>>> print(open('my_file.csv').read())   # CSV, C-alpha atoms
chain,number,residue,atom,x,y,z
M,1,GLN,CA,154.5,199.2,-146.8
M,2,TYR,CA,153.7,195.9,-145.1
M,3,THR,CA,154.0,196.9,-141.4
M,4,LYS,CA,153.0,200.6,-141.9
M,5,HIS,CA,155.8,201.2,-139.4
M,6,GLU,CA,159.1,203.0,-139.9
M,7,ASP,CA,161.7,202.2,-137.2
M,8,VAL,CA,164.5,199.6,-137.6
M,9,ILE,CA,166.5,197.7,-135.1
M,10,VAL,CA,170.0,196.7,-136.0
M,11,LEU,CA,173.0,195.3,-134.2
M,12,ASP,CA,175.9,197.4,-133.1
M,13,HIS,CA,178.9,197.6,-135.5
M,14,ALA,CA,176.6,196.3,-138.3
M,15,TYR,CA,177.3,197.1,-142.0
M,16,HIS,CA,174.5,196.5,-144.5
M,17,GLY,CA,175.6,198.6,-147.6
M,18,HIS,CA,176.7,201.9,-148.9
M,19,LEU,CA,173.5,203.4,-150.1
M,20,THR,CA,172.3,206.4,-148.0
M,21,SER,CA,169.4,204.3,-146.7
M,22,LEU,CA,171.7,201.4,-145.8
M,23,ILE,CA,174.3,203.7,-144.2
M,24,ASP,CA,171.5,204.9,-142.0
M,25,ILE,CA,171.1,201.4,-140.5
M,26,SER,CA,174.8,200.6,-140.4
M,27,PRO,CA,176.4,201.7,-137.1
M,28,TYR,CA,179.8,200.8,-138.6
M,29,LYS,CA,179.3,203.7,-141.0
M,30,PHE,CA,176.9,206.2,-139.5
M,31,ARG,CA,178.9,206.7,-136.3
M,32,ASN,CA,181.6,208.2,-138.4
M,33,LEU,CA,179.2,210.4,-140.5
M,34,GLU,CA,176.0,212.1,-139.5
M,35,GLY,CA,175.2,209.8,-136.5
M,36,GLN,CA,172.2,207.8,-135.6
M,37,LYS,CA,168.7,208.7,-136.9
M,38,GLU,CA,165.7,208.8,-134.6
M,39,TRP,CA,164.1,205.9,-136.3
M,40,VAL,CA,167.2,203.6,-135.9
M,41,HIS,CA,167.7,201.6,-132.7
M,42,VAL,CA,170.9,199.7,-132.0
M,43,ALA,CA,171.1,196.4,-130.0
M,44,PRO,CA,174.2,194.8,-128.6
M,45,VAL,CA,175.9,192.2,-130.8
M,46,PRO,CA,175.2,188.7,-129.4
M,47,ASP,CA,178.9,188.1,-128.9
M,48,THR,CA,179.5,185.4,-126.3
M,49,TYR,CA,183.3,186.0,-126.3
M,50,ARG,CA,183.7,189.7,-125.6
M,51,GLY,CA,180.1,191.0,-125.5
M,52,LEU,CA,177.8,191.9,-122.6
M,53,TYR,CA,176.9,188.3,-121.9
M,54,ARG,CA,179.7,185.8,-122.3
M,55,GLU,CA,180.1,182.0,-122.5
M,56,ASP,CA,179.8,181.7,-118.7
M,57,HIS,CA,176.4,183.4,-118.6
M,58,GLU,CA,173.6,181.1,-117.6
M,59,ASP,CA,171.4,182.1,-120.5
M,60,SER,CA,173.0,184.4,-123.0
M,61,VAL,CA,170.4,183.7,-125.7
M,62,THR,CA,167.5,185.1,-123.5
M,63,ALA,CA,169.7,187.9,-122.1
M,64,TYR,CA,170.7,189.2,-125.6
M,65,ALA,CA,167.1,188.8,-126.9
M,66,ASN,CA,165.8,190.8,-123.9
M,67,GLU,CA,168.0,193.7,-125.0
M,68,VAL,CA,166.0,193.8,-128.2
M,69,LYS,CA,162.8,193.5,-126.2
M,70,ASN,CA,163.8,196.5,-124.0
M,71,ILE,CA,164.6,198.5,-127.1
M,72,ILE,CA,161.1,197.9,-128.4
M,73,GLU,CA,159.5,198.8,-125.1
M,74,GLN,CA,161.5,202.1,-124.9
M,75,ALA,CA,160.6,202.9,-128.5
M,76,HIS,CA,156.9,202.3,-127.8
M,77,LYS,CA,157.1,204.7,-124.8
M,78,ARG,CA,158.3,207.4,-127.3
M,79,GLY,CA,155.5,206.6,-129.7
M,80,ARG,CA,157.7,204.8,-132.2
M,81,LYS,CA,156.7,201.6,-134.0
M,82,ILE,CA,159.1,198.9,-135.1
M,83,ALA,CA,159.1,197.9,-138.8
M,84,ALA,CA,161.9,195.5,-138.8
M,85,PHE,CA,164.9,193.8,-137.2
M,86,PHE,CA,167.7,193.8,-139.8
M,87,VAL,CA,170.6,191.5,-139.1
M,88,GLU,CA,173.4,189.7,-140.8
M,89,SER,CA,172.9,186.0,-140.1
M,90,LEU,CA,176.5,185.9,-139.0
M,91,PRO,CA,177.7,189.4,-138.1
M,92,SER,CA,180.8,189.9,-140.2
M,93,VAL,CA,182.1,193.4,-139.9
M,94,GLY,CA,181.1,193.2,-136.2
M,95,GLY,CA,183.9,190.6,-135.7
M,96,GLN,CA,183.0,187.3,-137.4
M,97,ILE,CA,180.4,186.6,-134.7
M,98,ILE,CA,178.4,183.4,-134.3
M,99,PRO,CA,175.1,184.2,-132.5
M,100,PRO,CA,174.1,181.6,-130.0
M,101,ALA,CA,171.4,179.2,-131.4
M,102,GLY,CA,167.9,180.2,-130.5
M,103,TYR,CA,168.7,184.0,-130.4
M,104,PHE,CA,166.9,184.7,-133.7
M,105,GLN,CA,163.8,182.8,-132.7
M,106,LYS,CA,163.5,184.8,-129.4
M,107,VAL,CA,164.2,188.1,-131.2
M,108,ALA,CA,161.7,187.4,-133.9
M,109,GLU,CA,159.1,186.7,-131.3
M,110,HIS,CA,159.6,190.1,-129.7
M,111,VAL,CA,159.8,191.9,-133.1
M,112,ARG,CA,156.7,190.2,-134.6
M,113,LYS,CA,154.7,190.8,-131.5
M,114,ALA,CA,155.5,194.5,-132.0
M,115,GLY,CA,154.2,194.4,-135.6
M,116,GLY,CA,157.6,194.2,-137.2
M,117,ILE,CA,159.3,191.7,-139.4
M,118,PHE,CA,162.7,189.8,-139.3
M,119,ILE,CA,165.1,190.5,-142.2
M,120,ALA,CA,168.2,188.2,-142.6
M,121,ASP,CA,171.1,189.6,-144.6
M,122,GLU,CA,172.9,186.7,-146.3
M,123,ILE,CA,175.0,188.7,-148.6
M,124,GLN,CA,178.3,187.6,-147.2
M,125,VAL,CA,177.4,184.3,-145.6
M,126,GLY,CA,174.8,182.6,-147.8
M,127,PHE,CA,175.0,180.0,-150.6
M,128,GLY,CA,176.7,177.2,-148.6
M,129,ARG,CA,179.6,179.1,-147.1
M,130,VAL,CA,178.8,178.0,-143.6
M,131,GLY,CA,178.9,174.3,-144.7
M,132,LYS,CA,176.4,172.7,-142.5
M,133,HIS,CA,173.5,174.6,-144.2
M,134,PHE,CA,173.0,176.5,-147.4
M,135,TRP,CA,171.8,179.6,-145.5
M,136,ALA,CA,173.6,180.9,-142.4
M,137,PHE,CA,170.3,181.7,-140.6
M,138,GLN,CA,169.6,177.9,-140.5
M,139,LEU,CA,172.4,177.6,-137.9
M,140,GLN,CA,169.8,179.0,-135.5
M,141,GLY,CA,167.7,175.9,-135.9
M,142,GLU,CA,165.5,174.3,-138.6
M,143,ASP,CA,162.4,175.9,-137.0
M,144,PHE,CA,163.5,179.5,-137.8
M,145,VAL,CA,162.4,181.2,-141.0
M,146,PRO,CA,163.0,185.0,-141.6
M,147,ASP,CA,160.3,187.1,-143.2
M,148,ILE,CA,162.8,188.6,-145.8
M,149,VAL,CA,166.2,187.3,-146.9
M,150,THR,CA,168.6,189.6,-148.8
M,151,MET,CA,171.4,188.0,-150.9
M,152,GLY,CA,174.1,189.3,-153.2
M,153,LYS,CA,177.8,188.8,-153.9
M,154,PRO,CA,178.2,185.0,-153.9
M,155,ILE,CA,175.3,184.4,-156.3
M,156,GLY,CA,177.3,186.2,-159.1
M,157,ASN,CA,180.8,185.0,-158.2
M,158,GLY,CA,182.1,188.6,-159.0
M,159,HIS,CA,179.3,189.6,-161.3
M,160,PRO,CA,177.0,192.2,-159.8
M,161,ILE,CA,173.7,190.5,-159.0
M,162,ALA,CA,171.5,190.5,-156.0
M,163,CYS,CA,168.2,188.9,-154.9
M,164,VAL,CA,165.5,189.3,-152.3
M,165,ALA,CA,163.2,186.5,-151.1
M,166,THR,CA,160.1,187.1,-149.1
M,167,THR,CA,156.6,185.9,-148.5
M,168,GLU,CA,153.8,186.4,-151.0
M,169,GLU,CA,151.9,188.5,-148.4
M,170,ILE,CA,154.8,190.9,-147.9
M,171,ALA,CA,155.5,191.1,-151.7
M,172,GLU,CA,151.8,191.9,-152.3
M,173,ALA,CA,151.9,194.8,-149.8
M,174,PHE,CA,154.7,196.3,-151.9
M,175,ALA,CA,153.0,195.6,-155.3
M,176,SER,CA,149.6,196.9,-154.1
M,177,THR,CA,150.9,200.5,-153.7
M,178,GLY,CA,150.3,201.0,-157.4
M,179,VAL,CA,153.8,202.5,-157.8
M,180,GLU,CA,155.6,200.7,-160.6
M,181,TYR,CA,159.0,199.3,-159.7
M,182,PHE,CA,161.6,198.7,-162.4
M,183,ASN,CA,165.2,199.4,-163.2
M,184,THR,CA,167.1,199.2,-166.4
M,185,PHE,CA,169.2,196.1,-165.5
M,186,GLY,CA,166.7,194.3,-163.2
M,187,GLY,CA,166.1,190.7,-164.2
M,188,ASN,CA,168.3,190.9,-167.3
M,189,PRO,CA,169.0,187.5,-169.0
M,190,VAL,CA,172.8,187.8,-168.8
M,191,SER,CA,172.9,188.3,-165.0
M,192,CYS,CA,170.2,185.6,-164.5
M,193,ALA,CA,172.3,183.2,-166.6
M,194,ILE,CA,175.3,183.9,-164.5
M,195,GLY,CA,173.4,183.4,-161.3
M,196,LEU,CA,172.1,180.1,-162.5
M,197,ALA,CA,175.6,179.0,-163.6
M,198,VAL,CA,177.0,179.8,-160.2
M,199,LEU,CA,174.2,177.8,-158.5
M,200,ASP,CA,175.0,174.9,-160.8
M,201,VAL,CA,178.6,174.9,-159.8
M,202,ILE,CA,177.8,175.1,-156.1
M,203,GLU,CA,175.6,172.0,-156.5
M,204,LYS,CA,177.7,170.0,-159.0
M,205,GLU,CA,181.0,170.6,-157.3
M,206,HIS,CA,179.6,170.0,-153.9
M,207,LEU,CA,180.9,173.3,-152.6
M,208,GLN,CA,178.7,173.3,-149.5
M,209,ALA,CA,180.2,169.9,-148.3
M,210,HIS,CA,183.6,171.2,-149.4
M,211,ALA,CA,183.1,174.2,-147.1
M,212,THR,CA,182.3,171.9,-144.2
M,213,GLU,CA,185.3,169.6,-144.8
M,214,VAL,CA,187.9,172.4,-145.4
M,215,GLY,CA,186.4,174.7,-142.8
M,216,ASN,CA,186.6,172.0,-140.1
M,217,PHE,CA,190.2,171.3,-141.0
M,218,LEU,CA,191.1,175.0,-141.0
M,219,MET,CA,189.4,175.5,-137.6
M,220,GLN,CA,191.3,172.5,-136.2
M,221,LEU,CA,194.6,174.0,-137.4
M,222,LEU,CA,193.8,177.4,-136.0
M,223,LYS,CA,192.8,176.0,-132.6
M,224,GLU,CA,196.1,174.2,-132.4
M,225,GLN,CA,197.7,177.7,-133.0
M,226,LYS,CA,195.5,179.1,-130.1
M,227,ILE,CA,197.2,176.6,-127.7
M,228,LYS,CA,200.6,177.5,-129.0
M,229,HIS,CA,200.2,181.3,-129.2
M,230,PRO,CA,198.5,183.2,-126.3
M,231,ILE,CA,197.9,186.2,-128.5
M,232,ILE,CA,195.1,184.1,-130.1
M,233,GLY,CA,192.1,184.5,-127.7
M,234,ASP,CA,189.3,182.8,-129.6
M,235,VAL,CA,188.8,180.9,-132.8
M,236,ARG,CA,185.1,180.8,-134.0
M,237,GLY,CA,183.2,180.0,-137.1
M,238,SER,CA,181.3,177.7,-139.3
M,239,GLY,CA,182.4,176.3,-142.6
M,240,LEU,CA,184.5,178.8,-144.5
M,241,PHE,CA,183.4,181.7,-142.3
M,242,ILE,CA,186.0,181.9,-139.4
M,243,GLY,CA,187.3,184.6,-137.1
M,244,VAL,CA,190.5,184.6,-135.1
M,245,ASP,CA,190.4,187.0,-132.2
M,246,LEU,CA,193.8,188.4,-131.3
M,247,ILE,CA,194.1,189.7,-127.7
M,248,LYS,CA,196.7,191.5,-125.5
M,249,ASP,CA,195.7,189.6,-122.3
M,250,GLN,CA,193.6,186.6,-121.4
M,251,ALA,CA,191.8,188.2,-118.5
M,252,GLN,CA,190.5,191.4,-120.1
M,253,ARG,CA,190.6,190.1,-123.7
M,254,THR,CA,191.9,193.5,-124.8
M,255,PRO,CA,192.0,193.7,-128.6
M,256,ALA,CA,195.5,193.3,-130.0
M,257,THR,CA,194.8,195.9,-132.7
M,258,GLU,CA,198.5,196.7,-133.6
M,259,ALA,CA,199.5,193.1,-133.6
M,260,ALA,CA,196.6,192.2,-135.9
M,261,GLU,CA,197.5,195.0,-138.3
M,262,HIS,CA,201.2,194.0,-138.3
M,263,LEU,CA,200.3,190.4,-139.0
M,264,ILE,CA,198.1,191.0,-142.0
M,265,THR,CA,200.8,193.4,-143.4
M,266,ARG,CA,203.4,190.6,-143.1
M,267,LEU,CA,201.0,188.0,-144.6
M,268,LYS,CA,200.6,190.3,-147.6
M,269,GLU,CA,204.3,190.1,-148.1
M,270,GLU,CA,203.9,186.3,-148.2
M,271,TYR,CA,201.2,186.7,-150.9
M,272,ILE,CA,198.3,185.9,-148.4
M,273,LEU,CA,195.5,188.5,-148.3
M,274,LEU,CA,193.7,188.6,-145.0
M,275,SER,CA,192.0,191.6,-143.3
M,276,THR,CA,190.7,192.4,-139.9
M,277,ASP,CA,187.2,193.1,-138.6
M,278,GLY,CA,185.5,193.9,-135.3
M,279,PRO,CA,185.3,197.2,-133.4
M,280,GLY,CA,188.8,196.7,-132.2
M,281,ARG,CA,190.1,195.7,-135.7
M,282,ASN,CA,191.7,192.7,-134.1
M,283,VAL,CA,189.8,189.8,-135.6
M,284,LEU,CA,191.4,188.0,-138.5
M,285,LYS,CA,188.5,187.2,-140.9
M,286,PHE,CA,188.7,184.1,-143.0
M,287,LYS,CA,186.2,184.1,-145.9
M,288,PRO,CA,188.1,182.5,-148.7
M,289,PRO,CA,186.7,181.5,-152.1
M,290,MET,CA,184.7,178.3,-151.9
M,291,CYS,CA,187.4,176.5,-153.9
M,292,PHE,CA,189.9,177.1,-151.1
M,293,ASN,CA,191.3,173.6,-150.2
M,294,MET,CA,193.1,171.8,-147.4
M,295,GLU,CA,196.5,172.5,-149.0
M,296,ASP,CA,195.7,176.2,-149.0
M,297,ALA,CA,194.5,176.1,-145.4
M,298,LYS,CA,197.7,174.4,-144.2
M,299,PHE,CA,199.8,176.9,-146.2
M,300,VAL,CA,198.0,179.9,-144.6
M,301,VAL,CA,198.1,178.6,-141.0
M,302,ASP,CA,201.8,177.5,-141.3
M,303,THR,CA,202.6,181.0,-142.4
M,304,ILE,CA,200.7,182.5,-139.6
M,305,ASP,CA,202.5,180.2,-137.2
M,306,LYS,CA,205.9,181.1,-138.6
M,307,LEU,CA,205.2,184.8,-138.3
M,308,LEU,CA,203.8,184.6,-134.8
M,309,THR,CA,206.6,182.4,-133.6
M,310,GLY,CA,209.5,184.4,-135.2
M,311,ASN,CA,208.3,187.9,-135.5
M,312,ILE,CA,204.9,189.2,-134.6
M,313,GLU,CA,204.7,188.4,-130.9
M,314,ARG,CA,208.3,189.7,-130.4
M,315,SER,CA,207.9,192.9,-132.4
M,316,CYS,CA,204.5,193.6,-130.8
M,317,SER,CA,205.6,192.6,-127.3
M,318,SER,CA,204.7,196.2,-126.3
M,319,CYS,CA,201.1,195.3,-127.4
M,320,LEU,CA,200.9,192.5,-124.8
M,321,THR,CA,200.6,192.8,-121.1
M,322,THR,CA,203.2,191.4,-118.7
M,323,SER,CA,200.7,188.8,-117.6
M,324,GLN,CA,200.8,187.2,-121.1
M,325,GLN,CA,203.5,184.6,-121.9
M,326,VAL,CA,205.1,185.4,-125.3
M,327,SER,CA,206.0,182.4,-127.5
M,328,PRO,CA,209.7,181.7,-127.8
>>> encode(input="my_file.csv", output="structure tokens")
Amino acid sequence: QYTKHEDVIVLDHAYHGHLTSLIDISPYKFRNLEGQKEWVHVAPVPDTYRGLYREDHEDSVTAYANEVKNIIEQAHKRGRKIAAFFVESLPSVGGQIIPPAGYFQKVAEHVRKAGGIFIADEIQVGFGRVGKHFWAFQLQGEDFVPDIVTMGKPIGNGHPIACVATTEEIAEAFASTGVEYFNTFGGNPVSCAIGLAVLDVIEKEHLQAHATEVGNFLMQLLKEQKIKHPIIGDVRGSGLFIGVDLIKDQAQRTPATEAAEHLITRLKEEYILLSTDGPGRNVLKFKPPMCFNMEDAKFVVDTIDKLLTGNIERSCSSCLTTSQQVSP
């Protein structure tokens, strides 16, 4: 309604929800269903570990943003018009990715120039989880502000509640259609009371600062494991949003999918629930409850160390190349 355009740009492997409209903009889903719609355009994930432009690239920010610019140009040649760039502030299902700072600003510049808007999906990463900031999009720099922010899960702490924030101008474009919007449960006082209570707890219990403190400790422990276990190729994250990338070999960074699956199965037997993400299903994803503490972090990492040292790397030695040293 605001842009009068229809097309949407999303990142590869993205997941934004299970409504039909959201499956249409979720490559993670639509590639296994009816495929990509004509009005959907897929840009590469700004992954500097195993993506198109890696940590040794001279300017990965511009290179990844130019991929979006090229998509826009190609769409225009076919008479298409871009309505929005829709992105998780930290791509989660895509592999716990931390986009390089400045990427959103450059992408937003290209998208807005084309008459589109920038939508930040904070449903998994908002509300202080990243520690340093309340919103994950702020990791890009204080000068960046999306046009729309979507948020959900954390605001209800298990209760189903979601929220959308946008500018008055964009909201007016929606309201001015004359089509009334309502739903039976929208804005109900019970859900609103729960959302307010959760926000109070985040503030009063200093959970954002807690996420920084515990997250830094957890990252430190995991990076120590990376030195000890060659199967760990990368440890990345912010606050209590962390990914551990398991690999078969250091040179090619081939995803160690079987080893990752075996590890999370063994962890479950130790009463630790972890799961994997990324196109190779090889990235251990750490997104624990915000009350997760240092004792919990040490317990989890000690257990991972024990399993990798005594079992996983041996039992999955077939997953590793001969060029990789296996821990004793």
>>> residues_around(input="my_file.csv", residues="segment 68-83 of chain M", least_positions_apart="3", cutoff="7 Å", atoms="only C-alpha atoms", output="NGL selection string")
:M and (3 or 5-8 or 43 or 65 or 107 or 110 or 114-117)
>>> closest_residue(input="my_file.csv", among="M:Ala173, M:Leu308, M:Ala260, M:Ala63", to="Pro230 of chain M", atoms="only C-alpha atoms")
M:Leu308
>>> atom_distance(input="my_file.csv", atom1="atom CA of Phe137 of chain M", atom2="atom CA of Phe118 of chain M")
11.2 Å
>>> atom_distance(input="my_file.csv", atom1="atom CA of Phe217 of chain M", atom2="atom CA of Met294 of chain M")
7.0 Å
>>> atom_distance(input="my_file.csv", atom1="atom CA of Gly95 of chain M", atom2="atom CA of Ile247 of chain M")
13.0 Å
>>> residues_around(input="my_file.csv", residues="Ser26 of chain M", least_positions_apart="6", cutoff="7 Å", atoms="only C-alpha atoms", output="PyMOL selection string")
chain M and resi 14-16
>>> write_last_selection(input="my_file.csv", atoms="C-alpha atoms", output="tab-separated table (two decimals), in the coordinates of the input")
chain	number	residue	atom	x	y	z
M	14	ALA	CA	176.60	196.30	-138.30
M	15	TYR	CA	177.30	197.10	-142.00
M	16	HIS	CA	174.50	196.50	-144.50
>>> decode(input="my_file.csv", residues="segment 102-206 of chain M", atoms="C-alpha atoms", output="PDB file, in the first residue's frame")
ATOM      1  CA  GLY M 102      27.326  -1.340   7.366  1.00  0.00           C
ATOM      2  CA  TYR M 103      25.642  -3.927   5.141  1.00  0.00           C
ATOM      3  CA  PHE M 104      22.106  -2.874   6.065  1.00  0.00           C
ATOM      4  CA  GLN M 105      22.853   0.795   5.410  1.00  0.00           C
ATOM      5  CA  LYS M 106      24.142   0.101   1.908  1.00  0.00           C
ATOM      6  CA  VAL M 107      21.290  -2.289   1.095  1.00  0.00           C
ATOM      7  CA  ALA M 108      18.717   0.191   2.419  1.00  0.00           C
ATOM      8  CA  GLU M 109      20.193   2.874   0.187  1.00  0.00           C
ATOM      9  CA  HIS M 110      19.728   0.702  -2.921  1.00  0.00           C
ATOM     10  CA  VAL M 111      16.250  -0.471  -1.889  1.00  0.00           C
ATOM     11  CA  ARG M 112      14.927   2.973  -0.977  1.00  0.00           C
ATOM     12  CA  LYS M 113      16.318   4.431  -4.180  1.00  0.00           C
ATOM     13  CA  ALA M 114      14.219   1.820  -5.997  1.00  0.00           C
ATOM     14  CA  GLY M 115      11.110   2.954  -4.097  1.00  0.00           C
ATOM     15  CA  GLY M 116      11.116   0.083  -1.619  1.00  0.00           C
ATOM     16  CA  ILE M 117      11.363  -0.109   2.157  1.00  0.00           C
ATOM     17  CA  PHE M 118      13.570  -2.003   4.609  1.00  0.00           C
ATOM     18  CA  ILE M 119      11.873  -4.500   6.952  1.00  0.00           C
ATOM     19  CA  ALA M 120      13.831  -5.905   9.904  1.00  0.00           C
ATOM     20  CA  ASP M 121      12.577  -9.192  11.355  1.00  0.00           C
ATOM     21  CA  GLU M 122      13.465  -9.191  15.081  1.00  0.00           C
ATOM     22  CA  ILE M 123      11.247 -12.111  16.038  1.00  0.00           C
ATOM     23  CA  GLN M 124      14.113 -14.334  17.192  1.00  0.00           C
ATOM     24  CA  VAL M 125      16.806 -11.801  17.997  1.00  0.00           C
ATOM     25  CA  GLY M 126      15.103  -8.765  19.533  1.00  0.00           C
ATOM     26  CA  PHE M 127      14.478  -7.663  23.128  1.00  0.00           C
ATOM     27  CA  GLY M 128      18.071  -7.577  24.376  1.00  0.00           C
ATOM     28  CA  ARG M 129      19.192 -11.041  23.284  1.00  0.00           C
ATOM     29  CA  VAL M 130      22.236  -9.694  21.443  1.00  0.00           C
ATOM     30  CA  GLY M 131      23.380  -7.975  24.638  1.00  0.00           C
ATOM     31  CA  LYS M 132      25.072  -4.866  23.335  1.00  0.00           C
ATOM     32  CA  HIS M 133      21.783  -3.487  22.017  1.00  0.00           C
ATOM     33  CA  PHE M 134      18.088  -4.032  22.609  1.00  0.00           C
ATOM     34  CA  TRP M 135      17.522  -4.629  18.884  1.00  0.00           C
ATOM     35  CA  ALA M 136      19.837  -6.713  16.722  1.00  0.00           C
ATOM     36  CA  PHE M 137      19.604  -4.276  13.780  1.00  0.00           C
ATOM     37  CA  GLN M 138      21.463  -1.762  15.984  1.00  0.00           C
ATOM     38  CA  LEU M 139      24.590  -3.915  15.619  1.00  0.00           C
ATOM     39  CA  GLN M 140      24.841  -2.415  12.129  1.00  0.00           C
ATOM     40  CA  GLY M 141      25.432   1.038  13.610  1.00  0.00           C
ATOM     41  CA  GLU M 142      23.451   3.654  15.499  1.00  0.00           C
ATOM     42  CA  ASP M 143      22.779   5.509  12.245  1.00  0.00           C
ATOM     43  CA  PHE M 144      20.603   2.712  10.845  1.00  0.00           C
ATOM     44  CA  VAL M 145      16.828   2.638  11.320  1.00  0.00           C
ATOM     45  CA  PRO M 146      14.543   0.189   9.425  1.00  0.00           C
ATOM     46  CA  ASP M 147      11.209   1.310   7.969  1.00  0.00           C
ATOM     47  CA  ILE M 148       9.312  -1.549   9.608  1.00  0.00           C
ATOM     48  CA  VAL M 149      10.290  -3.822  12.494  1.00  0.00           C
ATOM     49  CA  THR M 150       8.445  -7.090  13.148  1.00  0.00           C
ATOM     50  CA  MET M 151       8.694  -8.735  16.552  1.00  0.00           C
ATOM     51  CA  GLY M 152       7.146 -11.724  18.263  1.00  0.00           C
ATOM     52  CA  LYS M 153       8.097 -14.691  20.465  1.00  0.00           C
ATOM     53  CA  PRO M 154      10.285 -13.025  23.144  1.00  0.00           C
ATOM     54  CA  ILE M 155       7.763 -10.303  23.980  1.00  0.00           C
ATOM     55  CA  GLY M 156       5.390 -12.969  25.308  1.00  0.00           C
ATOM     56  CA  ASN M 157       7.908 -15.382  26.856  1.00  0.00           C
ATOM     57  CA  GLY M 158       5.842 -18.291  25.526  1.00  0.00           C
ATOM     58  CA  HIS M 159       2.505 -16.512  25.260  1.00  0.00           C
ATOM     59  CA  PRO M 160       1.456 -15.883  21.633  1.00  0.00           C
ATOM     60  CA  ILE M 161       1.849 -12.170  21.034  1.00  0.00           C
ATOM     61  CA  ALA M 162       3.452 -10.192  18.215  1.00  0.00           C
ATOM     62  CA  CYS M 163       3.975  -6.575  17.305  1.00  0.00           C
ATOM     63  CA  VAL M 164       4.795  -4.379  14.326  1.00  0.00           C
ATOM     64  CA  ALA M 165       6.475  -0.970  14.569  1.00  0.00           C
ATOM     65  CA  THR M 166       6.666   1.430  11.658  1.00  0.00           C
ATOM     66  CA  THR M 167       6.549   5.096  10.732  1.00  0.00           C
ATOM     67  CA  GLU M 168       3.376   7.143  10.887  1.00  0.00           C
ATOM     68  CA  GLU M 169       3.580   7.694   7.137  1.00  0.00           C
ATOM     69  CA  ILE M 170       3.655   3.983   6.326  1.00  0.00           C
ATOM     70  CA  ALA M 171       0.901   3.225   8.851  1.00  0.00           C
ATOM     71  CA  GLU M 172      -1.265   5.944   7.306  1.00  0.00           C
ATOM     72  CA  ALA M 173      -0.873   4.388   3.861  1.00  0.00           C
ATOM     73  CA  PHE M 174      -2.333   1.185   5.273  1.00  0.00           C
ATOM     74  CA  ALA M 175      -5.130   2.919   7.181  1.00  0.00           C
ATOM     75  CA  SER M 176      -6.134   5.156   4.290  1.00  0.00           C
ATOM     76  CA  THR M 177      -7.291   2.216   2.167  1.00  0.00           C
ATOM     77  CA  GLY M 178     -10.633   2.435   3.961  1.00  0.00           C
ATOM     78  CA  VAL M 179     -10.543  -1.319   4.531  1.00  0.00           C
ATOM     79  CA  GLU M 180     -11.084  -1.957   8.230  1.00  0.00           C
ATOM     80  CA  TYR M 181      -8.508  -4.177   9.891  1.00  0.00           C
ATOM     81  CA  PHE M 182      -9.349  -6.123  13.018  1.00  0.00           C
ATOM     82  CA  ASN M 183      -9.041  -9.599  14.484  1.00  0.00           C
ATOM     83  CA  THR M 184     -10.770 -11.225  17.412  1.00  0.00           C
ATOM     84  CA  PHE M 185      -7.736 -11.330  19.695  1.00  0.00           C
ATOM     85  CA  GLY M 186      -5.805  -8.287  18.447  1.00  0.00           C
ATOM     86  CA  GLY M 187      -4.836  -5.907  21.256  1.00  0.00           C
ATOM     87  CA  ASN M 188      -6.617  -7.926  23.931  1.00  0.00           C
ATOM     88  CA  PRO M 189      -5.795  -6.764  27.499  1.00  0.00           C
ATOM     89  CA  VAL M 190      -4.537 -10.163  28.691  1.00  0.00           C
ATOM     90  CA  SER M 191      -1.868 -10.423  25.991  1.00  0.00           C
ATOM     91  CA  CYS M 192      -0.922  -6.768  26.440  1.00  0.00           C
ATOM     92  CA  ALA M 193      -0.521  -7.276  30.202  1.00  0.00           C
ATOM     93  CA  ILE M 194       1.753 -10.251  29.538  1.00  0.00           C
ATOM     94  CA  GLY M 195       3.848  -8.267  27.055  1.00  0.00           C
ATOM     95  CA  LEU M 196       4.246  -5.423  29.548  1.00  0.00           C
ATOM     96  CA  ALA M 197       5.191  -7.869  32.314  1.00  0.00           C
ATOM     97  CA  VAL M 198       7.899  -9.407  30.147  1.00  0.00           C
ATOM     98  CA  LEU M 199       9.308  -5.964  29.300  1.00  0.00           C
ATOM     99  CA  ASP M 200       9.348  -5.163  33.033  1.00  0.00           C
ATOM    100  CA  VAL M 201      11.334  -8.331  33.774  1.00  0.00           C
ATOM    101  CA  ILE M 202      13.836  -7.614  30.986  1.00  0.00           C
ATOM    102  CA  GLU M 203      14.413  -4.163  32.463  1.00  0.00           C
ATOM    103  CA  LYS M 204      14.305  -4.891  36.199  1.00  0.00           C
ATOM    104  CA  GLU M 205      16.405  -8.068  36.010  1.00  0.00           C
ATOM    105  CA  HIS M 206      18.900  -6.421  33.629  1.00  0.00           C
TER     106      HIS M 206
END
